[in-house]
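A.B. asks: My structure is in model-v6.csv, and what it holds is CSV, C-alpha atoms:
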chain,number,residue,atom,x,y,z
A,245,MET,CA,-21.5,12.7,19.4
A,246,LEU,CA,-18.9,9.9,19.2
A,247,MET,CA,-18.8,10.4,15.4
A,248,VAL,CA,-18.0,14.1,15.8
A,249,ARG,CA,-15.2,13.2,18.2
A,250,TYR,CA,-14.0,10.6,15.8
A,251,GLN,CA,-13.8,13.2,13.1
A,252,GLN,CA,-11.9,15.5,15.4
A,253,GLY,CA,-9.2,12.8,15.8
A,254,ASP,CA,-10.2,11.3,19.2
A,255,PHE,CA,-9.1,7.7,19.1
A,256,THR,CA,-11.0,6.6,22.2
A,257,ALA,CA,-14.2,7.7,20.5
A,258,ALA,CA,-13.3,5.7,17.4
A,259,THR,CA,-12.7,2.6,19.6
A,260,ALA,CA,-16.0,3.1,21.4
A,261,LEU,CA,-17.8,3.4,18.0
A,262,ILE,CA,-16.1,0.2,16.8
A,263,GLU,CA,-17.2,-1.7,19.9
A,264,ARG,CA,-20.7,-0.4,19.8
A,265,THR,CA,-21.4,-0.7,16.0
A,266,SER,CA,-19.4,-3.7,15.0
A,267,PRO,CA,-21.8,-6.4,16.4
A,268,ARG,CA,-24.7,-4.9,14.4
A,269,LEU,CA,-22.6,-4.6,11.3
A,270,TYR,CA,-21.4,-8.2,11.8
A,271,ARG,CA,-24.9,-9.5,12.0
A,272,PHE,CA,-25.7,-7.7,8.8
A,273,PHE,CA,-22.9,-9.5,7.0
A,274,ALA,CA,-23.5,-12.8,8.8
A,275,ALA,CA,-27.1,-12.9,7.6
A,276,GLN,CA,-25.7,-13.2,4.1
A,277,GLN,CA,-24.7,-16.8,4.6
A,278,VAL,CA,-21.0,-16.0,4.5
A,279,SER,CA,-18.4,-17.8,6.7
A,280,ARG,CA,-17.3,-16.3,10.0
A,281,ALA,CA,-13.8,-15.5,8.5
A,282,HIS,CA,-15.5,-13.8,5.6
A,283,ALA,CA,-17.8,-11.7,7.8
A,284,ASP,CA,-14.7,-10.7,9.9
A,285,ASP,CA,-13.0,-9.6,6.6
A,286,LEU,CA,-16.1,-7.7,5.5
A,287,LEU,CA,-16.3,-5.9,8.9
A,288,GLN,CA,-12.7,-4.9,8.7
A,289,GLU,CA,-13.1,-3.7,5.1
A,290,THR,CA,-16.1,-1.7,6.1
A,291,TRP,CA,-14.2,0.0,9.0
A,292,LEU,CA,-11.3,0.9,6.7
A,293,ARG,CA,-13.8,2.4,4.3
A,294,ILE,CA,-15.6,4.3,7.1
A,295,HIS,CA,-12.3,5.6,8.3
A,296,LYS,CA,-11.4,6.8,4.8
A,297,VAL,CA,-14.6,8.7,4.2
A,298,ARG,CA,-15.4,9.7,7.8
A,299,HIS,CA,-15.5,13.4,6.7
A,300,THR,CA,-18.7,12.7,4.7
A,301,TYR,CA,-20.7,12.2,7.9
A,302,ARG,CA,-22.5,15.4,9.0
A,303,PRO,CA,-23.5,15.7,12.7
A,304,SER,CA,-27.0,16.8,11.8
A,305,GLU,CA,-27.7,13.5,10.1
A,306,PRO,CA,-28.4,10.1,11.7
A,307,ALA,CA,-25.2,8.0,11.9
A,308,LEU,CA,-26.7,4.5,11.6
A,309,PRO,CA,-27.9,4.8,8.0
A,310,TRP,CA,-24.5,6.4,7.1
A,311,PHE,CA,-22.7,3.3,8.5
A,312,TYR,CA,-25.0,0.9,6.8
A,313,ALA,CA,-24.8,2.7,3.4
A,314,ILE,CA,-21.1,2.1,3.5
A,315,ALA,CA,-21.4,-1.5,4.8
A,316,ARG,CA,-23.9,-2.2,2.0
A,317,HIS,CA,-21.5,-0.8,-0.5
A,318,VAL,CA,-18.8,-3.1,0.8
A,319,ARG,CA,-21.2,-6.1,0.7
A,320,VAL,CA,-22.2,-5.3,-2.9
A,321,ASP,CA,-18.6,-5.1,-3.9
A,322,HIS,CA,-17.9,-8.4,-2.2
A,323,HIS,CA,-20.8,-10.0,-4.0
A,324,ARG,CA,-19.6,-8.8,-7.4
A,325,LYS,CA,-16.1,-10.0,-6.6
A,326,SER,CA,-17.4,-13.4,-5.6
A,327,ILE,CA,-19.3,-13.7,-8.9
A,328,ARG,CA,-16.0,-13.3,-10.6
A,329,VAL,CA,-14.5,-16.1,-8.7
A,330,THR,CA,-14.2,-19.2,-10.9
A,331,GLU,CA,-16.4,-22.2,-10.3
A,332,GLY,CA,-13.4,-24.3,-9.1
A,333,GLU,CA,-12.3,-21.7,-6.6
A,334,ARG,CA,-15.9,-21.6,-5.3
A,335,GLU,CA,-15.9,-25.3,-4.8
A,336,LEU,CA,-12.6,-25.1,-2.9
A,337,GLN,CA,-14.0,-22.3,-0.7
A,338,ALA,CA,-17.2,-24.4,0.0
A,339,MET,CA,-15.0,-27.4,1.0
A,340,SER,CA,-12.9,-25.3,3.3
A,341,LYS,CA,-16.1,-23.8,4.8
A,342,THR,CA,-17.4,-27.2,5.6
A,343,ILE,CA,-14.1,-28.6,6.9
A,344,SER,CA,-13.0,-25.7,9.2
A,345,PRO,CA,-14.7,-26.0,12.6
A,346,GLY,CA,-16.8,-23.0,13.6
A,347,ALA,CA,-16.7,-21.5,10.2
A,348,SER,CA,-20.4,-21.4,9.5
A,349,ASN,CA,-23.0,-19.3,11.4
A,350,ALA,CA,-24.4,-22.3,13.3
A,351,GLY,CA,-27.6,-22.9,11.6
A,352,SER,CA,-29.4,-19.6,12.2
A,353,SER,CA,-28.3,-18.3,8.9
A,354,ASP,CA,-29.3,-21.5,7.1
A,355,ASP,CA,-32.8,-21.0,8.5
A,356,LEU,CA,-32.8,-17.4,7.5
A,357,GLU,CA,-31.5,-18.4,4.0
A,358,ALA,CA,-34.3,-20.9,3.5
A,359,LEU,CA,-36.9,-18.5,4.9
A,360,LEU,CA,-35.9,-15.6,2.7
A,361,ALA,CA,-35.3,-17.8,-0.4
A,362,PRO,CA,-38.6,-16.8,-2.2
A,363,LEU,CA,-37.8,-13.1,-1.9
A,364,SER,CA,-36.2,-11.0,-4.6
A,365,ALA,CA,-32.7,-9.5,-3.8
A,366,SER,CA,-34.0,-6.1,-3.0
A,367,GLU,CA,-36.9,-7.4,-0.8
A,368,ARG,CA,-34.5,-9.6,1.0
A,369,GLU,CA,-32.2,-6.7,1.7
A,370,VAL,CA,-35.0,-4.6,3.1
A,371,ILE,CA,-36.2,-7.4,5.4
A,372,GLU,CA,-32.6,-8.1,6.5
A,373,MET,CA,-32.0,-4.4,7.3
A,374,LEU,CA,-35.3,-4.0,9.1
A,375,LYS,CA,-35.0,-7.2,11.1
A,376,VAL,CA,-31.3,-7.8,11.5
A,377,THR,CA,-30.3,-4.2,12.2
A,378,GLY,CA,-33.5,-3.0,13.7
A,379,MET,CA,-33.5,0.2,11.7
A,380,SER,CA,-36.7,2.2,10.9
A,381,LEU,CA,-38.2,2.5,7.4
A,382,GLU,CA,-36.7,6.0,7.1
A,383,GLU,CA,-33.2,4.7,8.1
A,384,VAL,CA,-33.4,1.8,5.7
A,385,ALA,CA,-34.4,4.2,2.9
A,386,ARG,CA,-31.4,6.3,3.7
A,387,ALA,CA,-29.0,3.3,3.9
A,388,THR,CA,-30.2,1.9,0.6
A,389,SER,CA,-30.3,5.3,-1.2
A,390,SER,CA,-34.0,4.9,-1.9
A,391,THR,CA,-37.3,6.5,-0.9
A,392,VAL,CA,-39.4,5.6,2.2
A,393,GLY,CA,-42.3,4.7,-0.1
A,394,SER,CA,-40.1,2.2,-2.1
A,395,VAL,CA,-38.8,0.6,1.1
A,396,LYS,CA,-42.4,0.3,2.5
A,397,GLN,CA,-43.6,-1.3,-0.8
A,398,LYS,CA,-40.7,-3.8,-0.8
A,399,ALA,CA,-41.3,-4.7,2.9
A,400,HIS,CA,-45.0,-5.1,2.3
A,401,ARG,CA,-44.4,-7.4,-0.7
A,402,ALA,CA,-41.8,-9.4,1.2
A,403,TYR,CA,-44.2,-10.0,4.2
A,404,LYS,CA,-47.0,-11.0,1.8
A,405,LYS,CA,-44.8,-13.6,0.1
A,406,LEU,CA,-43.5,-14.9,3.5
A,407,ARG,CA,-47.1,-15.1,4.9
A,408,VAL,CA,-48.2,-17.1,1.8
A,409,MET,CA,-45.2,-19.4,2.0
A,410,LEU,CA,-45.4,-20.0,5.8
A,411,SER,CA,-49.2,-20.6,5.6
A,412,ARG,CA,-48.6,-23.2,2.9
A,413,GLU,CA,-45.9,-24.9,5.0
A,414,ALA,CA,-48.2,-24.9,8.1
A,415,ALA,CA,-51.1,-26.4,6.1
A,416,GLY,CA,-48.8,-29.1,4.7
A,417,ARG,CA,-47.5,-30.0,8.2
A,418,GLU,CA,-51.1,-30.2,9.4
A,419,ARG,CA,-52.1,-32.5,6.5
A,420,SER,CA,-49.1,-34.8,7.1
A,421,GLU,CA,-49.9,-35.0,10.9
A,422,LYS,CA,-53.5,-35.9,10.2
A,423,ALA,CA,-52.4,-38.6,7.7
A,424,THR,CA,-50.1,-40.2,10.3
B,59,MET,CA,-50.9,-16.3,9.4
B,60,LYS,CA,-50.5,-12.8,10.8
B,61,HIS,CA,-47.9,-10.1,10.3
B,62,GLU,CA,-46.7,-10.7,13.9
B,63,ASP,CA,-46.3,-14.4,13.3
B,64,VAL,CA,-44.0,-13.7,10.4
B,65,ASP,CA,-42.1,-11.3,12.6
B,66,GLU,CA,-41.7,-14.0,15.3
B,67,ILE,CA,-40.4,-16.6,12.8
B,68,LEU,CA,-37.9,-14.0,11.3
B,69,ASN,CA,-36.7,-13.1,14.8
B,70,ARG,CA,-36.3,-16.8,15.7
B,71,ALA,CA,-34.2,-17.4,12.5
B,72,LEU,CA,-32.0,-14.5,13.3
B,73,ARG,CA,-31.2,-15.6,16.8
B,74,GLY,CA,-27.7,-17.2,16.9
B,75,PRO,CA,-24.1,-16.5,17.7
B,76,HIS,CA,-23.3,-13.2,16.0
B,77,ASP,CA,-20.7,-11.9,18.5
B,78,VAL,CA,-17.6,-10.4,17.1
B,79,LYS,CA,-14.4,-11.7,18.6
B,80,SER,CA,-12.5,-9.1,20.6
B,81,GLU,CA,-9.3,-9.7,18.7
B,82,VAL,CA,-11.1,-8.7,15.5
B,83,LEU,CA,-12.2,-5.5,17.1
B,84,HIS,CA,-8.6,-4.8,18.4
B,85,ARG,CA,-7.3,-5.6,14.9
B,86,ILE,CA,-9.7,-3.1,13.4
B,87,ALA,CA,-8.8,-0.4,15.9
B,88,ASP,CA,-5.1,-1.0,15.3
B,89,SER,CA,-5.5,-0.7,11.5
B,90,LEU,CA,-7.2,2.7,11.9
B,91,LYS,CA,-4.6,4.0,14.3
B,92,VAL,CA,-2.0,4.1,11.5
B,93,SER,CA,-3.7,7.0,9.7
B,94,PHE,CA,-5.5,8.7,12.5
B,95,ALA,CA,-5.9,12.5,12.1
B,96,PRO,CA,-8.7,15.1,12.5
B,97,VAL,CA,-10.8,15.6,9.4
B,98,ARG,CA,-13.0,18.5,8.2
B,99,PRO,CA,-16.6,17.4,7.7
B,100,LEU,CA,-18.4,18.2,4.5
B,101,PRO,CA,-20.5,21.4,4.5
B,102,SER,CA,-24.3,20.9,4.8
B,103,SER,CA,-26.1,19.6,1.8
B,104,ILE,CA,-28.0,22.9,1.2
B,105,VAL,CA,-24.7,24.7,0.9
B,106,LEU,CA,-23.3,22.1,-1.5
B,107,THR,CA,-26.5,22.1,-3.5
B,108,ALA,CA,-26.4,25.9,-3.8
B,109,VAL,CA,-22.7,26.0,-4.9
B,110,VAL,CA,-23.2,23.2,-7.5
B,111,PHE,CA,-26.4,24.9,-8.8
B,112,PHE,CA,-24.7,28.3,-9.2
B,113,VAL,CA,-21.8,26.7,-11.0
B,114,CYS,CA,-24.2,25.2,-13.5
B,115,VAL,CA,-26.1,28.6,-13.9
B,116,ALA,CA,-22.7,30.3,-14.4
B,117,VAL,CA,-21.7,27.8,-17.1
B,118,ALA,CA,-25.0,28.3,-19.0
B,119,ILE,CA,-24.8,32.1,-18.8
B,120,ALA,CA,-21.1,32.1,-19.8
B,121,GLY,CA,-21.9,29.9,-22.8
B,122,ALA,CA,-24.8,32.2,-23.9
B,123,ALA,CA,-22.6,35.3,-23.3
B,124,ARG,CA,-20.0,33.8,-25.7
B,125,ALA,CA,-22.5,32.7,-28.3
B,126,GLY,CA,-25.1,35.5,-27.9
B,127,PHE,CA,-28.4,35.8,-26.0
B,128,PHE,CA,-30.6,35.6,-29.2
B,129,GLY,CA,-33.1,33.1,-27.8
B,130,PHE,CA,-33.6,35.1,-24.6
B,131,ALA,CA,-34.0,38.3,-26.6
B,132,LYS,CA,-36.7,36.7,-28.8
B,133,MET,CA,-38.8,35.4,-25.8
B,134,HIS,CA,-41.7,37.3,-24.2
B,135,LEU,CA,-41.3,38.2,-20.6
B,136,MET,CA,-43.8,35.5,-19.4
B,137,GLU,CA,-42.0,32.9,-21.5
B,138,ARG,CA,-38.7,33.8,-19.9
B,139,TRP,CA,-40.1,33.5,-16.4
B,140,ILE,CA,-41.8,30.2,-17.1
B,141,ILE,CA,-39.0,28.5,-19.0
B,142,PHE,CA,-36.1,29.6,-16.8
B,143,GLY,CA,-38.2,29.1,-13.6
B,144,LEU,CA,-38.8,25.5,-14.6
B,145,LEU,CA,-35.2,24.9,-15.7
B,146,GLY,CA,-34.0,26.5,-12.4
B,147,ALA,CA,-36.3,24.2,-10.3
B,148,LEU,CA,-35.2,21.1,-12.2
B,149,ALA,CA,-31.5,22.1,-12.0
B,150,TRP,CA,-31.9,22.6,-8.2
B,151,ALA,CA,-33.5,19.2,-7.9
B,152,ALA,CA,-30.7,17.6,-10.0
B,153,ALA,CA,-28.0,19.4,-7.9
B,154,ARG,CA,-29.7,18.1,-4.7
B,155,SER,CA,-29.9,14.6,-6.2
B,156,PHE,CA,-26.2,14.8,-7.1
B,157,VAL,CA,-25.1,16.0,-3.7
B,158,HIS,CA,-27.1,13.3,-2.0
B,159,ALA,CA,-25.6,10.7,-4.3
B,160,MET,CA,-22.1,11.8,-3.1
B,161,ILE,CA,-22.9,11.6,0.6
B,162,PRO,CA,-23.7,8.1,2.1
B,163,GLY,CA,-26.9,7.7,4.1
B,164,THR,CA,-28.8,10.8,3.0
B,165,ARG,CA,-32.5,11.1,2.5
B,166,ARG,CA,-33.9,10.7,-1.0
B,167,HIS,CA,-37.2,12.0,-2.1
B,168,ILE,CA,-36.9,10.9,-5.7
B,169,THR,CA,-34.4,8.6,-7.5
B,170,ALA,CA,-32.1,10.0,-10.1
B,171,ALA,CA,-33.6,8.0,-12.9
B,172,ARG,CA,-37.1,9.1,-11.9
B,173,LEU,CA,-36.0,12.7,-11.8
B,174,LEU,CA,-34.6,12.4,-15.3
B,175,GLY,CA,-37.9,11.0,-16.5
B,176,TRP,CA,-39.9,13.7,-14.8
B,177,SER,CA,-37.6,16.4,-16.1
B,178,CYS,CA,-38.1,15.2,-19.7
B,179,VAL,CA,-41.8,15.0,-19.3
B,180,ALA,CA,-42.0,18.5,-17.7
B,181,LEU,CA,-39.9,20.0,-20.4
B,182,VAL,CA,-41.8,18.3,-23.2
B,183,GLY,CA,-45.1,19.5,-21.7
B,184,LEU,CA,-43.9,23.1,-21.2
B,185,PHE,CA,-42.1,23.5,-24.6
B,186,GLY,CA,-45.1,21.8,-26.3
B,187,LEU,CA,-47.4,24.5,-24.8
B,188,LEU,CA,-45.2,27.5,-25.5
B,189,PHE,CA,-43.7,26.8,-28.9
B,190,ARG,CA,-46.4,26.5,-31.5
B,191,ASP,CA,-44.4,26.9,-34.7
B,192,TYR,CA,-44.9,23.5,-36.4
B,193,GLU,CA,-42.9,24.2,-39.5
B,194,THR,CA,-39.4,22.7,-39.8
B,195,HIS,CA,-36.4,24.0,-41.7
B,196,GLN,CA,-33.1,22.0,-41.9
B,197,PHE,CA,-34.3,19.8,-39.0
B,198,PHE,CA,-31.3,17.6,-38.8
B,199,ARG,CA,-28.5,20.1,-39.7
B,200,LEU,CA,-29.6,22.8,-37.2
B,201,GLY,CA,-30.8,20.3,-34.7
B,202,ILE,CA,-27.5,18.4,-34.5
B,203,ALA,CA,-25.6,21.7,-34.2
B,204,CYS,CA,-27.8,22.7,-31.2
B,205,LEU,CA,-27.5,19.2,-29.6
B,206,ALA,CA,-23.7,19.4,-30.0
B,207,THR,CA,-23.6,22.9,-28.5
B,208,GLY,CA,-25.8,21.8,-25.5
B,209,LEU,CA,-23.6,18.8,-24.8
B,210,LEU,CA,-20.5,21.0,-25.2
B,211,TYR,CA,-21.7,23.0,-22.2
B,212,ALA,CA,-23.1,20.1,-20.3
B,213,VAL,CA,-19.7,18.5,-20.0
B,214,PRO,CA,-18.0,21.4,-18.2
B,215,ALA,CA,-21.0,21.9,-15.9
B,216,ALA,CA,-21.0,18.2,-14.9
B,217,LEU,CA,-17.2,18.2,-14.5
B,218,PHE,CA,-17.1,21.3,-12.4
B,219,SER,CA,-19.9,19.9,-10.2
B,220,TRP,CA,-18.0,16.6,-9.9
B,221,LEU,CA,-14.8,18.5,-8.9
B,222,LEU,CA,-16.7,20.5,-6.3
B,223,LEU,CA,-18.0,17.3,-4.7
B,224,ARG,CA,-14.8,15.2,-5.1
B,225,ARG,CA,-14.5,15.0,-1.3
B,226,GLY,CA,-17.7,13.1,-1.2
B,227,PHE,CA,-18.1,9.3,-1.5
B,228,ALA,CA,-20.5,7.8,-4.0
B,229,VAL,CA,-21.8,4.5,-2.8
B,230,ASN,CA,-23.4,4.0,-6.3
B,231,MET,CA,-21.2,5.5,-9.0
B,232,VAL,CA,-23.7,4.9,-11.7
B,233,THR,CA,-26.4,6.9,-9.9
B,234,ALA,CA,-23.9,9.7,-9.1
B,235,GLY,CA,-22.8,9.8,-12.7
B,236,LEU,CA,-26.4,9.9,-13.9
B,237,SER,CA,-27.2,12.8,-11.5
B,238,ALA,CA,-24.1,14.7,-12.6
B,239,GLY,CA,-25.0,14.1,-16.3
B,240,LEU,CA,-28.6,15.3,-15.7
B,241,LEU,CA,-27.4,18.4,-14.0
B,242,GLY,CA,-24.9,19.1,-16.8
B,243,GLY,CA,-27.7,18.4,-19.4
B,244,LEU,CA,-30.0,20.9,-17.7
B,245,ALA,CA,-27.2,23.5,-17.8
B,246,GLY,CA,-26.8,22.7,-21.5
B,247,ILE,CA,-30.5,23.2,-22.1
B,248,GLY,CA,-30.4,26.4,-20.2
B,249,MET,CA,-27.6,27.7,-22.4
B,250,LEU,CA,-29.6,26.7,-25.6
B,251,GLU,CA,-32.7,28.5,-24.4
B,252,LEU,CA,-30.7,31.6,-23.8
B,253,HIS,CA,-28.9,31.4,-27.1
B,254,CYS,CA,-31.0,29.5,-29.7
B,255,PRO,CA,-33.4,31.8,-31.6
B,256,ASN,CA,-35.0,28.8,-33.5
B,257,PHE,CA,-38.4,28.4,-31.9
B,258,GLU,CA,-39.8,25.6,-34.1
B,259,ALA,CA,-41.6,23.2,-31.9
B,260,ALA,CA,-40.0,20.1,-33.4
B,261,HIS,CA,-36.5,21.6,-33.1
B,262,VAL,CA,-36.9,22.6,-29.4
B,263,LEU,CA,-38.8,19.4,-28.4
B,264,VAL,CA,-36.3,17.0,-30.0
B,265,TRP,CA,-32.9,18.6,-30.1
B,266,HIS,CA,-32.9,20.8,-27.0
B,267,ILE,CA,-34.5,18.3,-24.7
B,268,ALA,CA,-32.3,15.5,-26.0
B,269,VAL,CA,-29.3,17.1,-24.3
B,270,ALA,CA,-30.6,16.0,-20.8
B,271,PRO,CA,-31.1,12.2,-21.5
B,272,ILE,CA,-27.9,11.9,-23.6
B,273,SER,CA,-25.8,13.8,-21.0
B,274,SER,CA,-27.3,11.6,-18.2
B,275,ALA,CA,-26.5,8.4,-20.2
B,276,VAL,CA,-23.0,9.6,-20.7
B,277,GLY,CA,-22.7,10.4,-17.0
B,278,ALA,CA,-24.0,7.0,-16.0
B,279,GLY,CA,-21.6,5.4,-18.4
B,280,MET,CA,-18.7,7.3,-16.9
B,281,GLY,CA,-19.9,6.4,-13.4
B,282,TRP,CA,-19.9,2.7,-14.5
B,283,LEU,CA,-16.3,3.0,-15.8
B,284,LEU,CA,-15.1,4.7,-12.6
B,285,HIS,CA,-16.8,2.0,-10.6
B,286,LEU,CA,-15.0,-0.7,-12.6
B,287,ARG,CA,-11.7,1.2,-12.1
B,288,ARG,CA,-12.3,1.4,-8.4
B,289,ALA,CA,-13.2,-2.3,-8.3
B,290,SER,CA,-10.1,-3.3,-10.2
B,291,ARG,CA,-7.9,-1.3,-7.8
B,292,GLN,CA,-9.2,-3.2,-4.7
Let me see the structure of the file written as structure tokens.
C.D. replies:
Amino acid sequence: MLMVRYQQGDFTAATALIERTSPRLYRFFAAQQVSRAHADDLLQETWLRIHKVRHTYRPSEPALPWFYAIARHVRVDHHRKSIRVTEGERELQAMSKTISPGASNAGSSDDLEALLAPLSASEREVIEMLKVTGMSLEEVARATSSTVGSVKQKAHRAYKKLRVMLSREAAGRERSEKAT
Amino acid sequence: MKHEDVDEILNRALRGPHDVKSEVLHRIADSLKVSFAPVRPLPSSIVLTAVVFFVCVAVAIAGAARAGFFGFAKMHLMERWIIFGLLGALAWAAARSFVHAMIPGTRRHITAARLLGWSCVALVGLFGLLFRDYETHQFFRLGIACLATGLLYAVPAALFSWLLLRRGFAVNMVTAGLSAGLLGGLAGIGMLELHCPNFEAAHVLVWHIAVAPISSAVGAGMGWLLHLRRASRQ
């Protein structure tokens, strides 16, 4: 309903949408191990893109996958751009990230990064969308422009890998505890 | 370790400060205010699919009307129903795929690449069953002429479809280009089936069907170029 009012030119509806949706979109970007400033930029870029293509939303369709499809597009663009950044620039960015206070996502993303490390990019994306944004399989399929079957398969593979990795870690911890 | 344990670990890792600063939200709202106006939403996907489909049918019929309906005249009634029925179904699926590629967050039943694969398999299977003349005359000369004619009509079909959907937003330009190319390619094959009276199995199986993958590849390539252009502008 808010989206329809936004399309009709109601600014209060747009503000309400920004307030409601931005925290979830922000979590989606923050889960990618980017700095707080970067996540803010990505969020703003996403809203500019949403605003530009707001006519492509149809009231009969769910809004959340539409938002995430655009957010994902912004994230992919950002990722490609960051690949083009030279090694030296990357080092500088890394330095500024560690120097500036409150720039990182306070450990939680580090944990997530380590946890999702064994997954492929597409499996990781599906897990992030399911867990970070709380979308259903159908919504994730819509947001990633793929089929529900493909999303299910990726989620299943990802959980299998995570189970194996976490079981191994738990077994290793038990062994070291016994040894001490 | 159970599924729920993995869930719990993931949830724990995700807990953390993810609040957006209110000044960021205000900044976003202010940046949108500058160009705030009512917009007309896109029509439903079924309407868009139907329009794009009929444009492709019109291009194929116009092409055959210009060159002559020799192939259509030579076919039996049953062959006409089966061939154009399958081509119509595939073109509808390609039109739907293209429309969905131009609207973010729409449901997909099949990916564009898989649709291309299935289209080629279905056409090879059907043409292999219907065309049993295994002799070949001037295989390359006549074949290349047919391929060029098919591609000549695939281009306007794809371009008109693209123009019709220009208000859309392709989150993946390569997929959108591939879908548009496939749709154009099927229009090209439709035109060839209406026009070409050469029913040699090898000719139809190789040169007519080749229009779809070549046109799709060109479409995907164009999509990639448009993507690079869009990226360089940002």
A.B. asks: Pull the closest atom pair for each residue of chain B that gets at most 8 Å from chain A, along with the distance in Å to one decimal, counting only C-alpha atoms, ordering rows by chain and then ascending residue number, as a tab-separated table.
C.D. replies:
residue	atom	partner	partner_atom	distance
B:Met59	CA	A:Ser411	CA	6.0
B:Lys60	CA	A:Arg407	CA	7.2
B:His61	CA	A:Tyr403	CA	7.1
B:Val64	CA	A:Arg407	CA	6.5
B:Leu68	CA	A:Leu356	CA	7.2
B:Asn69	CA	A:Lys375	CA	7.2
B:Ala71	CA	A:Leu356	CA	5.2
B:Leu72	CA	A:Ser352	CA	5.8
B:Arg73	CA	A:Ser352	CA	6.4
B:Gly74	CA	A:Ser352	CA	5.5
B:Pro75	CA	A:Asn349	CA	7.0
B:His76	CA	A:Arg271	CA	5.7
B:Asp77	CA	A:Pro267	CA	6.0
B:Val78	CA	A:Pro267	CA	5.8
B:Val82	CA	A:Asp284	CA	7.0
B:Leu83	CA	A:Glu263	CA	6.9
B:Ile86	CA	A:Gln288	CA	5.9
B:Ala87	CA	A:Thr259	CA	6.2
B:Ser89	CA	A:Leu292	CA	7.7
B:Leu90	CA	A:Leu292	CA	6.9
B:Lys91	CA	A:Phe255	CA	7.5
B:Phe94	CA	A:Gly253	CA	6.4
B:Ala95	CA	A:Gly253	CA	5.0
B:Pro96	CA	A:Gly253	CA	4.1
B:Val97	CA	A:Gln251	CA	5.3
B:Arg98	CA	A:His299	CA	5.9
B:Pro99	CA	A:His299	CA	4.3
B:Leu100	CA	A:Thr300	CA	5.5
B:Pro101	CA	A:Arg302	CA	7.8
B:Ser102	CA	A:Arg302	CA	7.2
B:Ala159	CA	A:Ser389	CA	7.8
B:Ile161	CA	A:Thr300	CA	6.0
B:Pro162	CA	A:Trp310	CA	5.3
B:Gly163	CA	A:Trp310	CA	4.1
B:Thr164	CA	A:Arg386	CA	5.2
B:Arg165	CA	A:Arg386	CA	5.1
B:Arg166	CA	A:Thr391	CA	5.4
B:His167	CA	A:Thr391	CA	5.6
B:Ile168	CA	A:Thr391	CA	6.5
B:Thr169	CA	A:Ser390	CA	6.7
B:Arg225	CA	A:Thr300	CA	7.7
B:Gly226	CA	A:Thr300	CA	6.0
B:Phe227	CA	A:Val297	CA	6.7
B:Val229	CA	A:His317	CA	5.8
B:Asn230	CA	A:His317	CA	7.8
B:Ala289	CA	A:Asp321	CA	7.5
A.B. asks: For a test of reading the model, state the distance in Å between CA of Leu263 (chain B) and CA of Arg154 (chain B), rounded to one decimal.
C.D. replies: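 Atom-to-atom, CA of Leu263 (chain B) and CA of Arg154 (chain B) are spaced 25.4 Å apart.
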A.B. asks: What is the CA of Pro255 (chain B)-CA of Cys204 (chain B) distance in Å, reported with one decimal?
C.D. replies: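 The value is 10.7 Å.
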A.B. asks: Quote the spacing between CA of Leu187 (chain B) and CA of Leu236 (chain B) in Å to one decimal place.
C.D. replies: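 Separation between CA of Leu187 (chain B) and CA of Leu236 (chain B): 27.8 Å.
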A.B. asks: For Thr233 (chain B), please output as a compact mmCIF listing (two decimals) with C-alpha atoms, in the coordinates of the input all residues within 10 Å (counting all atoms listed in the file; exclusion window: fewer than 6 positions along the same chain).
C.D. replies:
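Once everything was written out, this is around-v9.txt:
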# COMPACT_ATOMS: atom_id res chain seq x y z
CA SER A 389 -30.30 5.30 -1.20
CA SER B 155 -29.90 14.60 -6.20
CA PHE B 156 -26.20 14.80 -7.10
CA ALA B 159 -25.60 10.70 -4.30
CA MET B 160 -22.10 11.80 -3.10
CA THR B 169 -34.40 8.60 -7.50
CA ALA B 170 -32.10 10.00 -10.10
CA ALA B 171 -33.60 8.00 -12.90
CA GLY B 239 -25.00 14.10 -16.30
CA SER B 274 -27.30 11.60 -18.20
CA GLY B 277 -22.70 10.40 -17.00
CA ALA B 278 -24.00 7.00 -16.00
CA GLY B 279 -21.60 5.40 -18.40
CA GLY B 281 -19.90 6.40 -13.40
CA TRP B 282 -19.90 2.70 -14.50
A.B. asks: Need the shell around Met280 (chain B): protein/DNA/RNA residues with any atom at most 12 Å away, counting all atoms listed in the file. Skip same-chain ones fewer than 3 positions apart. Format as a PyMOL selection string?
C.D. replies: chain B and resi 213+216-217+220+231-239+273-277+283-287
